[in-house]
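Data block below; observations after.
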Amino acid sequence: MSVQKVFIYDTTLRDGAQGDGISFSDSGKIRFAHLLDDFGIDFIEGGFAASNERDRRFFAAIRGEKLSRAQIVAFGSTRRTDLDAAADPQLAALLAAETHHVTIYGKASPLHVAEVLRTTLEDNLQIIADSVGFLTANGREVCFDAEHFFDGYKADPAYALKALRAASDAGATALVLCDTNGGSLPHEVFAAAQAAAAALPATAVVGIHAHNDSGLAVANTLEAVRAGARHVQGTVNGYGERVGNADLAAIIPTLELKLGLDAVGRERLPKLRAVSRETAELVNQQHDKRQPYVGRDAFCHKAGAHVNAVGKNPATFEHIPPELVGNRRHILVSELSGAANIHLKAQEVGVDLAGAGKEKVRTALAAVKKRENQGYSYEAADGSFKVLLQKALGGRSAPFELVGFRVIVEKRDPAAPCVSEATVKVKVGTETELAAGEGTGPVDALHAALCKALSRFYPHVSDVRLTDYRVRILNPEAATRALTRVLVESSDGASQWSTVGVSENIIEASWQALLDSIEHKLLGGDGTSTTATASEGGC
């Protein structure tokens, strides 16, 4: 028995870009199109052909690109009420985009016909038929977005269906039911989609386009598919106007893994998380760590009983294996942790506890809980957890000892930025090293000085770069004496790790995080030797 195909239509470049803070560069739009094409998306809506110059540049540029699967779609509206289709500039812009597939939206709600178009119900049906007919006569395959379909169906079911039939009779091959205001409920969407499928010819493809104003866009999309829709519109990560559109990163794996339908193909699903994260990068947005399927926390486990069960059988607390969508399991350690957390988290960060014994594992767990009570958090600081675990288990001495540090911040010129200078003194074995470093800020200067002080003994420490720095005030009511938690992300070019520090002094908290970052590198976080040597050059 063949698997039923659901066509995936991405509108991130048009509808998604209408979201607050979402914007693609010209090159970013081309890169995004290739990303979706490689992932297996069927249709990529490139933008509003008559709206702006940037979208027109995209349509011109994409013609020179080779896509293996996806069809580029130009978007526009039905003709104006006072113009013939052949004289309408928006329809002309759709033809000028030179895409074989075009999408136009038209009114399916009596309220919008009367209040927005200011025309009659019959005239609106003629506008739809004229617009679709003009485009099909010019060789275009037309998708008709029935704007406000579900609101229109509630007000006048017969008229909403007439709008669909007007488009279908004129040659539209896909009839898309739009929950434009995002206020419909799943059972309403199912009933209306079922009625639409019954009212249209068997050859017509029913589609769904849902907004997320009620938090139901994904659920509404799935209900439409259950009712017979085989064309699904949405955006990557749910980007879009107001609170966003239906999230394709949640819809696609649900279609494939839960409903047994063919969306992009199971073999491509492991690319899903990478597609989601790269899209966030392209629009300069923080990736949502709690996003279903693809978020960092989608397969996180913290409670000891849950972790214990997952260690025995992941299906006990995971609805799918995370690898199916390119994600991975992540074990959190905190004051709620049990021994199972320590075992699985150690396995995750590459520490073997096989011969550690129960007593050492309990010692490690006690150390984690003590530090958590002091304000430390290891949920997003795998590097610090690994350093703490190795020290608690014993057998690994610290690669160096801090003798002291000093930081100076100086303003030399009112028109110039502050200058930061740090001095660090460390002891490696029996030798002491003093070094100074400058930076754009005190943390940068401390890192430079520490690297310089250690490079005579550990040349590879110069590979470490700070890639992110985050500060959180734990008790703001204490004002300037508040406890500060600093998270530092570091990379050596081959791997990445996060470390944490806590203090009432933000510089000391930063130093602790820096210290863990360097120790993670030197204690085998990258698999290199931790043997000190004074025979090689410095940074």
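A note on labels: chains of the structure tokens are A, B, ... as shown, every chain counts residues from 1, and ligands are counted from 1 in their shown order.
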
What's around stretch 193-203 of chain A at 12 Å? Count only C-alpha atoms, leave out sequence neighbours fewer than 2 positions away in its own chain, and write the answer as number ranges by chain. A: 146, 149-150, 153, 157-169, 171-179, 184, 186-191, 205-209, 220-231

I need the chosen residues saved as a compact mmCIF listing (two decimals), in the first residue's frame, with N, CA and C atoms.
# COMPACT_ATOMS: atom_id res chain seq x y z
N ALA A 146 -7.95 30.98 0.10
CA ALA A 146 -9.25 31.54 0.49
C ALA A 146 -9.10 32.23 1.83
N PHE A 149 -11.24 32.01 5.36
CA PHE A 149 -12.22 30.99 4.99
C PHE A 149 -13.03 30.51 6.19
N PHE A 150 -12.38 30.22 7.30
CA PHE A 150 -13.09 29.62 8.43
C PHE A 150 -14.05 30.61 9.08
N TYR A 153 -16.87 30.71 6.70
CA TYR A 153 -17.68 29.49 6.77
C TYR A 153 -18.62 29.53 7.97
N PRO A 157 -21.72 29.38 5.40
CA PRO A 157 -21.02 28.23 4.82
C PRO A 157 -21.17 28.13 3.31
N ALA A 158 -22.37 28.40 2.82
CA ALA A 158 -22.62 28.26 1.38
C ALA A 158 -21.76 29.23 0.59
N TYR A 159 -21.62 30.46 1.07
CA TYR A 159 -20.84 31.45 0.32
C TYR A 159 -19.34 31.11 0.36
N ALA A 160 -18.84 30.70 1.50
CA ALA A 160 -17.42 30.35 1.60
C ALA A 160 -17.07 29.24 0.61
N LEU A 161 -17.98 28.27 0.47
CA LEU A 161 -17.75 27.18 -0.48
C LEU A 161 -17.88 27.66 -1.92
N LYS A 162 -18.75 28.64 -2.16
CA LYS A 162 -18.88 29.21 -3.51
C LYS A 162 -17.56 29.89 -3.93
N ALA A 163 -16.89 30.54 -2.99
CA ALA A 163 -15.62 31.19 -3.30
C ALA A 163 -14.59 30.15 -3.75
N LEU A 164 -14.58 29.00 -3.07
CA LEU A 164 -13.66 27.92 -3.47
C LEU A 164 -14.00 27.40 -4.86
N ARG A 165 -15.30 27.20 -5.11
CA ARG A 165 -15.71 26.66 -6.40
C ARG A 165 -15.45 27.63 -7.54
N ALA A 166 -15.57 28.93 -7.26
CA ALA A 166 -15.27 29.93 -8.30
C ALA A 166 -13.82 29.82 -8.74
N ALA A 167 -12.93 29.62 -7.77
CA ALA A 167 -11.51 29.47 -8.09
C ALA A 167 -11.24 28.15 -8.79
N SER A 168 -11.88 27.08 -8.30
CA SER A 168 -11.68 25.76 -8.89
C SER A 168 -12.19 25.70 -10.32
N ASP A 169 -13.38 26.24 -10.55
CA ASP A 169 -13.96 26.22 -11.90
C ASP A 169 -13.11 27.02 -12.89
N GLY A 171 -9.88 27.14 -12.81
CA GLY A 171 -8.64 26.44 -13.10
C GLY A 171 -7.64 26.31 -11.97
N ALA A 172 -7.96 26.83 -10.77
CA ALA A 172 -7.04 26.68 -9.64
C ALA A 172 -6.92 25.21 -9.27
N THR A 173 -5.70 24.74 -9.07
CA THR A 173 -5.49 23.32 -8.76
C THR A 173 -5.40 23.05 -7.28
N ALA A 174 -5.06 24.06 -6.47
CA ALA A 174 -5.03 23.91 -5.02
C ALA A 174 -5.91 24.97 -4.40
N LEU A 175 -6.81 24.57 -3.52
CA LEU A 175 -7.74 25.48 -2.84
C LEU A 175 -7.40 25.45 -1.36
N VAL A 176 -6.83 26.56 -0.88
CA VAL A 176 -6.27 26.58 0.47
C VAL A 176 -7.21 27.31 1.43
N LEU A 177 -7.56 26.63 2.50
CA LEU A 177 -8.45 27.18 3.52
C LEU A 177 -7.60 27.93 4.54
N CYS A 178 -7.83 29.24 4.65
CA CYS A 178 -6.98 30.06 5.50
C CYS A 178 -7.68 30.46 6.80
N ASP A 179 -7.03 30.14 7.90
CA ASP A 179 -7.48 30.64 9.21
C ASP A 179 -6.67 31.91 9.48
N SER A 184 -9.72 29.95 14.96
CA SER A 184 -10.55 28.75 14.83
C SER A 184 -10.08 27.64 15.76
N PRO A 186 -9.83 23.38 16.59
CA PRO A 186 -9.58 22.19 15.78
C PRO A 186 -10.84 21.49 15.26
N HIS A 187 -11.86 21.35 16.10
CA HIS A 187 -13.07 20.65 15.63
C HIS A 187 -13.78 21.45 14.54
N GLU A 188 -13.68 22.79 14.61
CA GLU A 188 -14.28 23.63 13.58
C GLU A 188 -13.53 23.48 12.25
N VAL A 189 -12.21 23.43 12.34
CA VAL A 189 -11.39 23.27 11.15
C VAL A 189 -11.67 21.93 10.49
N PHE A 190 -11.78 20.88 11.28
CA PHE A 190 -12.05 19.56 10.72
C PHE A 190 -13.37 19.55 9.95
N ALA A 191 -14.42 20.09 10.56
CA ALA A 191 -15.75 20.06 9.93
C ALA A 191 -15.76 20.88 8.64
N VAL A 205 -7.06 19.82 -5.05
CA VAL A 205 -6.27 19.59 -3.84
C VAL A 205 -6.68 20.62 -2.80
N VAL A 206 -7.14 20.14 -1.65
CA VAL A 206 -7.52 21.04 -0.55
C VAL A 206 -6.29 21.31 0.30
N GLY A 207 -6.11 22.59 0.67
CA GLY A 207 -4.95 22.97 1.48
C GLY A 207 -5.36 23.65 2.77
N ILE A 208 -4.38 23.88 3.64
CA ILE A 208 -4.63 24.53 4.93
C ILE A 208 -3.51 25.53 5.20
N HIS A 209 -3.91 26.71 5.66
CA HIS A 209 -2.97 27.77 6.03
C HIS A 209 -3.46 28.34 7.37
N ASN A 220 -4.68 22.73 14.29
CA ASN A 220 -5.65 23.00 13.22
C ASN A 220 -5.17 22.45 11.87
N THR A 221 -3.88 22.58 11.63
CA THR A 221 -3.32 22.04 10.38
C THR A 221 -3.51 20.52 10.32
N LEU A 222 -3.21 19.85 11.42
CA LEU A 222 -3.33 18.39 11.45
C LEU A 222 -4.79 17.95 11.32
N GLU A 223 -5.71 18.72 11.89
CA GLU A 223 -7.12 18.38 11.76
C GLU A 223 -7.59 18.53 10.31
N ALA A 224 -7.08 19.55 9.63
CA ALA A 224 -7.44 19.72 8.22
C ALA A 224 -6.91 18.55 7.40
N VAL A 225 -5.70 18.10 7.72
CA VAL A 225 -5.13 16.94 7.01
C VAL A 225 -5.98 15.70 7.29
N ARG A 226 -6.39 15.52 8.52
CA ARG A 226 -7.26 14.37 8.85
C ARG A 226 -8.57 14.42 8.08
N ALA A 227 -9.00 15.66 7.77
CA ALA A 227 -10.27 15.82 7.04
C ALA A 227 -10.08 15.70 5.53
N GLY A 228 -8.83 15.57 5.07
CA GLY A 228 -8.61 15.37 3.65
C GLY A 228 -7.68 16.34 2.97
N ALA A 229 -7.21 17.37 3.66
CA ALA A 229 -6.28 18.32 3.06
C ALA A 229 -4.96 17.62 2.74
N ARG A 230 -4.41 17.91 1.57
CA ARG A 230 -3.14 17.31 1.16
C ARG A 230 -2.13 18.36 0.70
N HIS A 231 -2.38 19.59 1.07
CA HIS A 231 -1.47 20.71 0.79
C HIS A 231 -1.37 21.49 2.09

Can you list, as JSON, numbers by chain, every protein, DNA or RNA residue that comes within 10 Å of stretch 421-426 of chain A when you count only C-alpha atoms, leaving out same-chain residues fewer than 6 positions away? {"A": [400, 401, 402, 403, 404, 405, 406, 407, 408, 409, 410, 432, 433, 434, 435, 436, 437, 438, 439, 440, 441, 442, 443, 444, 445, 446, 447, 448, 449, 450, 451, 452, 453, 454]}

Can you write just those residues out, N, CA and C atoms, as a short mmCIF file (atom, residue, chain, number, x, y, z; two decimals), in the first residue's frame?
data_model
loop_
_atom_site.label_atom_id
_atom_site.label_comp_id
_atom_site.auth_asym_id
_atom_site.auth_seq_id
_atom_site.Cartn_x
_atom_site.Cartn_y
_atom_site.Cartn_z
N PHE A 400 46.52 23.48 36.86
CA PHE A 400 47.24 24.66 37.33
C PHE A 400 46.52 25.20 38.57
N GLU A 401 47.21 26.10 39.25
CA GLU A 401 46.66 26.68 40.48
C GLU A 401 46.72 28.20 40.37
N LEU A 402 45.64 28.86 40.70
CA LEU A 402 45.62 30.33 40.66
C LEU A 402 46.35 30.88 41.88
N VAL A 403 47.30 31.75 41.65
CA VAL A 403 47.95 32.48 42.73
C VAL A 403 47.21 33.79 42.97
N GLY A 404 46.78 34.44 41.88
CA GLY A 404 46.01 35.67 42.03
C GLY A 404 45.79 36.35 40.69
N PHE A 405 44.83 37.28 40.66
CA PHE A 405 44.62 38.07 39.44
C PHE A 405 44.21 39.50 39.82
N ARG A 406 44.40 40.41 38.88
CA ARG A 406 44.01 41.81 39.07
C ARG A 406 43.49 42.34 37.74
N VAL A 407 42.44 43.14 37.82
CA VAL A 407 41.85 43.73 36.60
C VAL A 407 41.75 45.24 36.78
N ILE A 408 42.17 45.97 35.74
CA ILE A 408 42.08 47.43 35.74
C ILE A 408 41.25 47.86 34.54
N VAL A 409 40.27 48.74 34.76
CA VAL A 409 39.49 49.34 33.67
C VAL A 409 39.76 50.83 33.69
N GLU A 410 40.27 51.34 32.58
CA GLU A 410 40.71 52.74 32.55
C GLU A 410 40.06 53.49 31.40
N THR A 432 56.01 29.10 38.67
CA THR A 432 55.03 30.19 38.72
C THR A 432 55.19 31.05 37.48
N GLU A 433 54.07 31.49 36.95
CA GLU A 433 54.08 32.33 35.74
C GLU A 433 53.17 33.53 35.95
N LEU A 434 53.66 34.70 35.58
CA LEU A 434 52.90 35.95 35.66
C LEU A 434 52.74 36.49 34.25
N ALA A 435 51.50 36.88 33.88
CA ALA A 435 51.26 37.40 32.53
C ALA A 435 50.20 38.47 32.58
N ALA A 436 50.26 39.40 31.63
CA ALA A 436 49.27 40.47 31.51
C ALA A 436 48.61 40.38 30.14
N GLY A 437 47.38 40.84 30.08
CA GLY A 437 46.66 40.83 28.81
C GLY A 437 45.71 42.00 28.73
N GLU A 438 45.44 42.48 27.51
CA GLU A 438 44.49 43.56 27.28
C GLU A 438 43.28 43.00 26.53
N GLY A 439 42.14 43.67 26.69
CA GLY A 439 40.94 43.25 25.98
C GLY A 439 39.93 44.36 25.89
N THR A 440 38.87 44.10 25.15
CA THR A 440 37.82 45.11 25.00
C THR A 440 37.02 45.29 26.28
N GLY A 441 37.09 44.31 27.18
CA GLY A 441 36.43 44.38 28.47
C GLY A 441 37.21 43.57 29.47
N PRO A 442 36.83 43.63 30.75
CA PRO A 442 37.61 42.93 31.78
C PRO A 442 37.66 41.42 31.60
N VAL A 443 36.57 40.82 31.11
CA VAL A 443 36.54 39.37 30.92
C VAL A 443 37.45 38.97 29.76
N ASP A 444 37.38 39.73 28.70
CA ASP A 444 38.26 39.49 27.55
C ASP A 444 39.72 39.61 27.97
N ALA A 445 40.03 40.62 28.78
CA ALA A 445 41.41 40.83 29.24
C ALA A 445 41.87 39.68 30.14
N LEU A 446 40.98 39.21 31.02
CA LEU A 446 41.32 38.08 31.89
C LEU A 446 41.61 36.82 31.08
N HIS A 447 40.80 36.59 30.08
CA HIS A 447 41.01 35.42 29.24
C HIS A 447 42.35 35.51 28.51
N ALA A 448 42.67 36.69 27.99
CA ALA A 448 43.94 36.87 27.29
C ALA A 448 45.13 36.65 28.21
N ALA A 449 45.04 37.17 29.45
CA ALA A 449 46.14 37.02 30.40
C ALA A 449 46.30 35.57 30.84
N LEU A 450 45.18 34.88 31.09
CA LEU A 450 45.24 33.49 31.52
C LEU A 450 45.84 32.61 30.41
N CYS A 451 45.41 32.86 29.18
CA CYS A 451 45.96 32.12 28.04
C CYS A 451 47.46 32.32 27.93
N LYS A 452 47.89 33.56 28.10
CA LYS A 452 49.31 33.86 27.98
C LYS A 452 50.12 33.22 29.10
N ALA A 453 49.55 33.22 30.31
CA ALA A 453 50.27 32.64 31.45
C ALA A 453 50.43 31.14 31.31
N LEU A 454 49.46 30.47 30.71
CA LEU A 454 49.48 29.01 30.62
C LEU A 454 50.13 28.48 29.34
#

Could you pull the residues within 8 Å of A:Thr467, counting only C-alpha atoms, minus those fewer than 2 positions along the same chain, as a PDB file with C-alpha atoms, in the first residue's frame?
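After the write, selection-v8.pdb holds the following:
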ATOM      1  CA  ARG A 465      37.980  31.245  22.113  1.00  0.00           C
ATOM      2  CA  TYR A 469      28.800  35.461  27.524  1.00  0.00           C
ATOM      3  CA  VAL A 488      30.461  31.396  29.205  1.00  0.00           C
ATOM      4  CA  GLU A 489      30.495  29.440  25.952  1.00  0.00           C
ATOM      5  CA  SER A 490      33.885  28.483  24.551  1.00  0.00           C
ATOM      6  CA  SER A 491      35.213  26.750  21.467  1.00  0.00           C
TER       7      SER A 491
END

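Going from atom CA of A:Thr103 over to atom CA of A:Gln18, you cover 17.1 Å.
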
Stretch 101-201 of chain A: residues DSSP assigns to alpha helix (DSSP H), reported as a tab-separated table (two decimals) with N, CA and C atoms, in the first residue's frame:
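part08.tsv was written with the following content:
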chain	number	residue	atom	x	y	z
A	110	PRO	N	-18.01	36.98	3.84
A	110	PRO	CA	-18.92	38.07	3.49
A	110	PRO	C	-18.56	39.39	4.18
A	111	LEU	N	-18.06	39.29	5.42
A	111	LEU	CA	-17.66	40.50	6.15
A	111	LEU	C	-16.57	41.25	5.40
A	112	HIS	N	-15.57	40.54	4.90
A	112	HIS	CA	-14.46	41.18	4.21
A	112	HIS	C	-14.87	41.68	2.82
A	121	LEU	N	-21.32	40.37	-3.03
A	121	LEU	CA	-20.88	38.98	-2.94
A	121	LEU	C	-20.70	38.37	-4.33
A	122	GLU	N	-21.60	38.69	-5.25
A	122	GLU	CA	-21.49	38.15	-6.61
A	122	GLU	C	-20.27	38.73	-7.33
A	123	ASP	N	-20.03	40.03	-7.15
A	123	ASP	CA	-18.86	40.64	-7.79
A	123	ASP	C	-17.57	40.00	-7.29
A	124	ASN	N	-17.52	39.68	-6.01
A	124	ASN	CA	-16.32	39.05	-5.45
A	124	ASN	C	-16.06	37.70	-6.11
A	125	LEU	N	-17.11	36.93	-6.31
A	125	LEU	CA	-16.93	35.63	-6.98
A	125	LEU	C	-16.40	35.82	-8.40
A	126	GLN	N	-16.87	36.88	-9.07
A	126	GLN	CA	-16.39	37.16	-10.43
A	126	GLN	C	-14.92	37.59	-10.40
A	127	ILE	N	-14.55	38.37	-9.39
A	127	ILE	CA	-13.16	38.81	-9.24
A	127	ILE	C	-12.24	37.59	-9.09
A	128	ILE	N	-12.66	36.63	-8.27
A	128	ILE	CA	-11.87	35.41	-8.07
A	128	ILE	C	-11.72	34.65	-9.39
A	129	ALA	N	-12.86	34.45	-10.08
A	129	ALA	CA	-12.84	33.68	-11.34
A	129	ALA	C	-12.00	34.37	-12.40
A	130	ASP	N	-12.13	35.70	-12.51
A	130	ASP	CA	-11.36	36.44	-13.51
A	130	ASP	C	-9.86	36.33	-13.26
A	131	SER	N	-9.47	36.47	-12.01
A	131	SER	CA	-8.05	36.48	-11.65
A	131	SER	C	-7.41	35.13	-11.90
A	132	VAL	N	-8.08	34.07	-11.44
A	132	VAL	CA	-7.54	32.73	-11.65
A	132	VAL	C	-7.52	32.40	-13.14
A	133	GLY	N	-8.61	32.74	-13.83
A	133	GLY	CA	-8.67	32.45	-15.26
A	133	GLY	C	-7.60	33.15	-16.05
A	134	PHE	N	-7.32	34.40	-15.72
A	134	PHE	CA	-6.28	35.16	-16.41
A	134	PHE	C	-4.92	34.51	-16.24
A	135	LEU	N	-4.60	34.08	-15.03
A	135	LEU	CA	-3.30	33.47	-14.76
A	135	LEU	C	-3.15	32.11	-15.42
A	136	THR	N	-4.21	31.30	-15.36
A	136	THR	CA	-4.13	29.98	-16.00
A	136	THR	C	-4.04	30.12	-17.53
A	137	ALA	N	-4.73	31.12	-18.06
A	137	ALA	CA	-4.66	31.36	-19.52
A	137	ALA	C	-3.26	31.76	-19.94
A	149	PHE	N	-11.24	32.01	5.36
A	149	PHE	CA	-12.22	30.99	4.99
A	149	PHE	C	-13.03	30.51	6.19
A	150	PHE	N	-12.38	30.22	7.30
A	150	PHE	CA	-13.09	29.62	8.43
A	150	PHE	C	-14.05	30.61	9.08
A	151	ASP	N	-13.66	31.88	9.15
A	151	ASP	CA	-14.59	32.90	9.65
A	151	ASP	C	-15.77	33.05	8.70
A	152	GLY	N	-15.46	33.01	7.39
A	152	GLY	CA	-16.53	33.10	6.40
A	152	GLY	C	-17.45	31.89	6.46
A	153	TYR	N	-16.87	30.71	6.70
A	153	TYR	CA	-17.68	29.49	6.77
A	153	TYR	C	-18.62	29.53	7.97
A	154	LYS	N	-18.16	30.08	9.08
A	154	LYS	CA	-19.04	30.19	10.25
A	154	LYS	C	-20.20	31.13	9.97
A	155	ALA	N	-19.92	32.22	9.25
A	155	ALA	CA	-20.95	33.22	8.97
A	155	ALA	C	-21.90	32.77	7.87
A	157	PRO	N	-21.72	29.38	5.40
A	157	PRO	CA	-21.02	28.23	4.82
A	157	PRO	C	-21.17	28.13	3.31
A	158	ALA	N	-22.37	28.40	2.82
A	158	ALA	CA	-22.62	28.26	1.38
A	158	ALA	C	-21.76	29.23	0.59
A	159	TYR	N	-21.62	30.46	1.07
A	159	TYR	CA	-20.84	31.45	0.32
A	159	TYR	C	-19.34	31.11	0.36
A	160	ALA	N	-18.84	30.70	1.50
A	160	ALA	CA	-17.42	30.35	1.60
A	160	ALA	C	-17.07	29.24	0.61
A	161	LEU	N	-17.98	28.27	0.47
A	161	LEU	CA	-17.75	27.18	-0.48
A	161	LEU	C	-17.88	27.66	-1.92
A	162	LYS	N	-18.75	28.64	-2.16
A	162	LYS	CA	-18.88	29.21	-3.51
A	162	LYS	C	-17.56	29.89	-3.93
A	163	ALA	N	-16.89	30.54	-2.99
A	163	ALA	CA	-15.62	31.19	-3.30
A	163	ALA	C	-14.59	30.15	-3.75
A	164	LEU	N	-14.58	29.00	-3.07
A	164	LEU	CA	-13.66	27.92	-3.47
A	164	LEU	C	-14.00	27.40	-4.86
A	165	ARG	N	-15.30	27.20	-5.11
A	165	ARG	CA	-15.71	26.66	-6.40
A	165	ARG	C	-15.45	27.63	-7.54
A	166	ALA	N	-15.57	28.93	-7.26
A	166	ALA	CA	-15.27	29.93	-8.30
A	166	ALA	C	-13.82	29.82	-8.74
A	167	ALA	N	-12.93	29.62	-7.77
A	167	ALA	CA	-11.51	29.47	-8.09
A	167	ALA	C	-11.24	28.15	-8.79
A	168	SER	N	-11.88	27.08	-8.30
A	168	SER	CA	-11.68	25.76	-8.89
A	168	SER	C	-12.19	25.70	-10.32
A	169	ASP	N	-13.38	26.24	-10.55
A	169	ASP	CA	-13.96	26.22	-11.90
A	169	ASP	C	-13.11	27.02	-12.89
A	186	PRO	N	-9.83	23.38	16.59
A	186	PRO	CA	-9.58	22.19	15.78
A	186	PRO	C	-10.84	21.49	15.26
A	187	HIS	N	-11.86	21.35	16.10
A	187	HIS	CA	-13.07	20.65	15.63
A	187	HIS	C	-13.78	21.45	14.54
A	188	GLU	N	-13.68	22.79	14.61
A	188	GLU	CA	-14.28	23.63	13.58
A	188	GLU	C	-13.53	23.48	12.25
A	189	VAL	N	-12.21	23.43	12.34
A	189	VAL	CA	-11.39	23.27	11.15
A	189	VAL	C	-11.67	21.93	10.49
A	190	PHE	N	-11.78	20.88	11.28
A	190	PHE	CA	-12.05	19.56	10.72
A	190	PHE	C	-13.37	19.55	9.95
A	191	ALA	N	-14.42	20.09	10.56
A	191	ALA	CA	-15.75	20.06	9.93
A	191	ALA	C	-15.76	20.88	8.64
A	192	ALA	N	-15.16	22.07	8.67
A	192	ALA	CA	-15.16	22.94	7.49
A	192	ALA	C	-14.30	22.36	6.38
A	193	ALA	N	-13.16	21.78	6.73
A	193	ALA	CA	-12.28	21.18	5.72
A	193	ALA	C	-12.95	19.97	5.08
A	194	GLN	N	-13.66	19.22	5.88
A	194	GLN	CA	-14.38	18.06	5.36
A	194	GLN	C	-15.46	18.50	4.37
A	195	ALA	N	-16.16	19.57	4.72
A	195	ALA	CA	-17.20	20.10	3.84
A	195	ALA	C	-16.59	20.62	2.54
A	196	ALA	N	-15.43	21.28	2.63
A	196	ALA	CA	-14.76	21.81	1.44
A	196	ALA	C	-14.33	20.68	0.52
A	197	ALA	N	-13.76	19.63	1.08
A	197	ALA	CA	-13.33	18.50	0.27
A	197	ALA	C	-14.50	17.85	-0.46
A	198	ALA	N	-15.66	17.79	0.22
A	198	ALA	CA	-16.85	17.18	-0.38
A	198	ALA	C	-17.45	18.06	-1.47
A	199	ALA	N	-17.27	19.38	-1.36
A	199	ALA	CA	-17.89	20.31	-2.30
A	199	ALA	C	-17.07	20.52	-3.56

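Here the question is which of A:Ala92, A:Ala210, A:Val294, A:Ala74 gets nearest to A:Cys143 using only C-alpha atoms, and that residue is A:Ala74.
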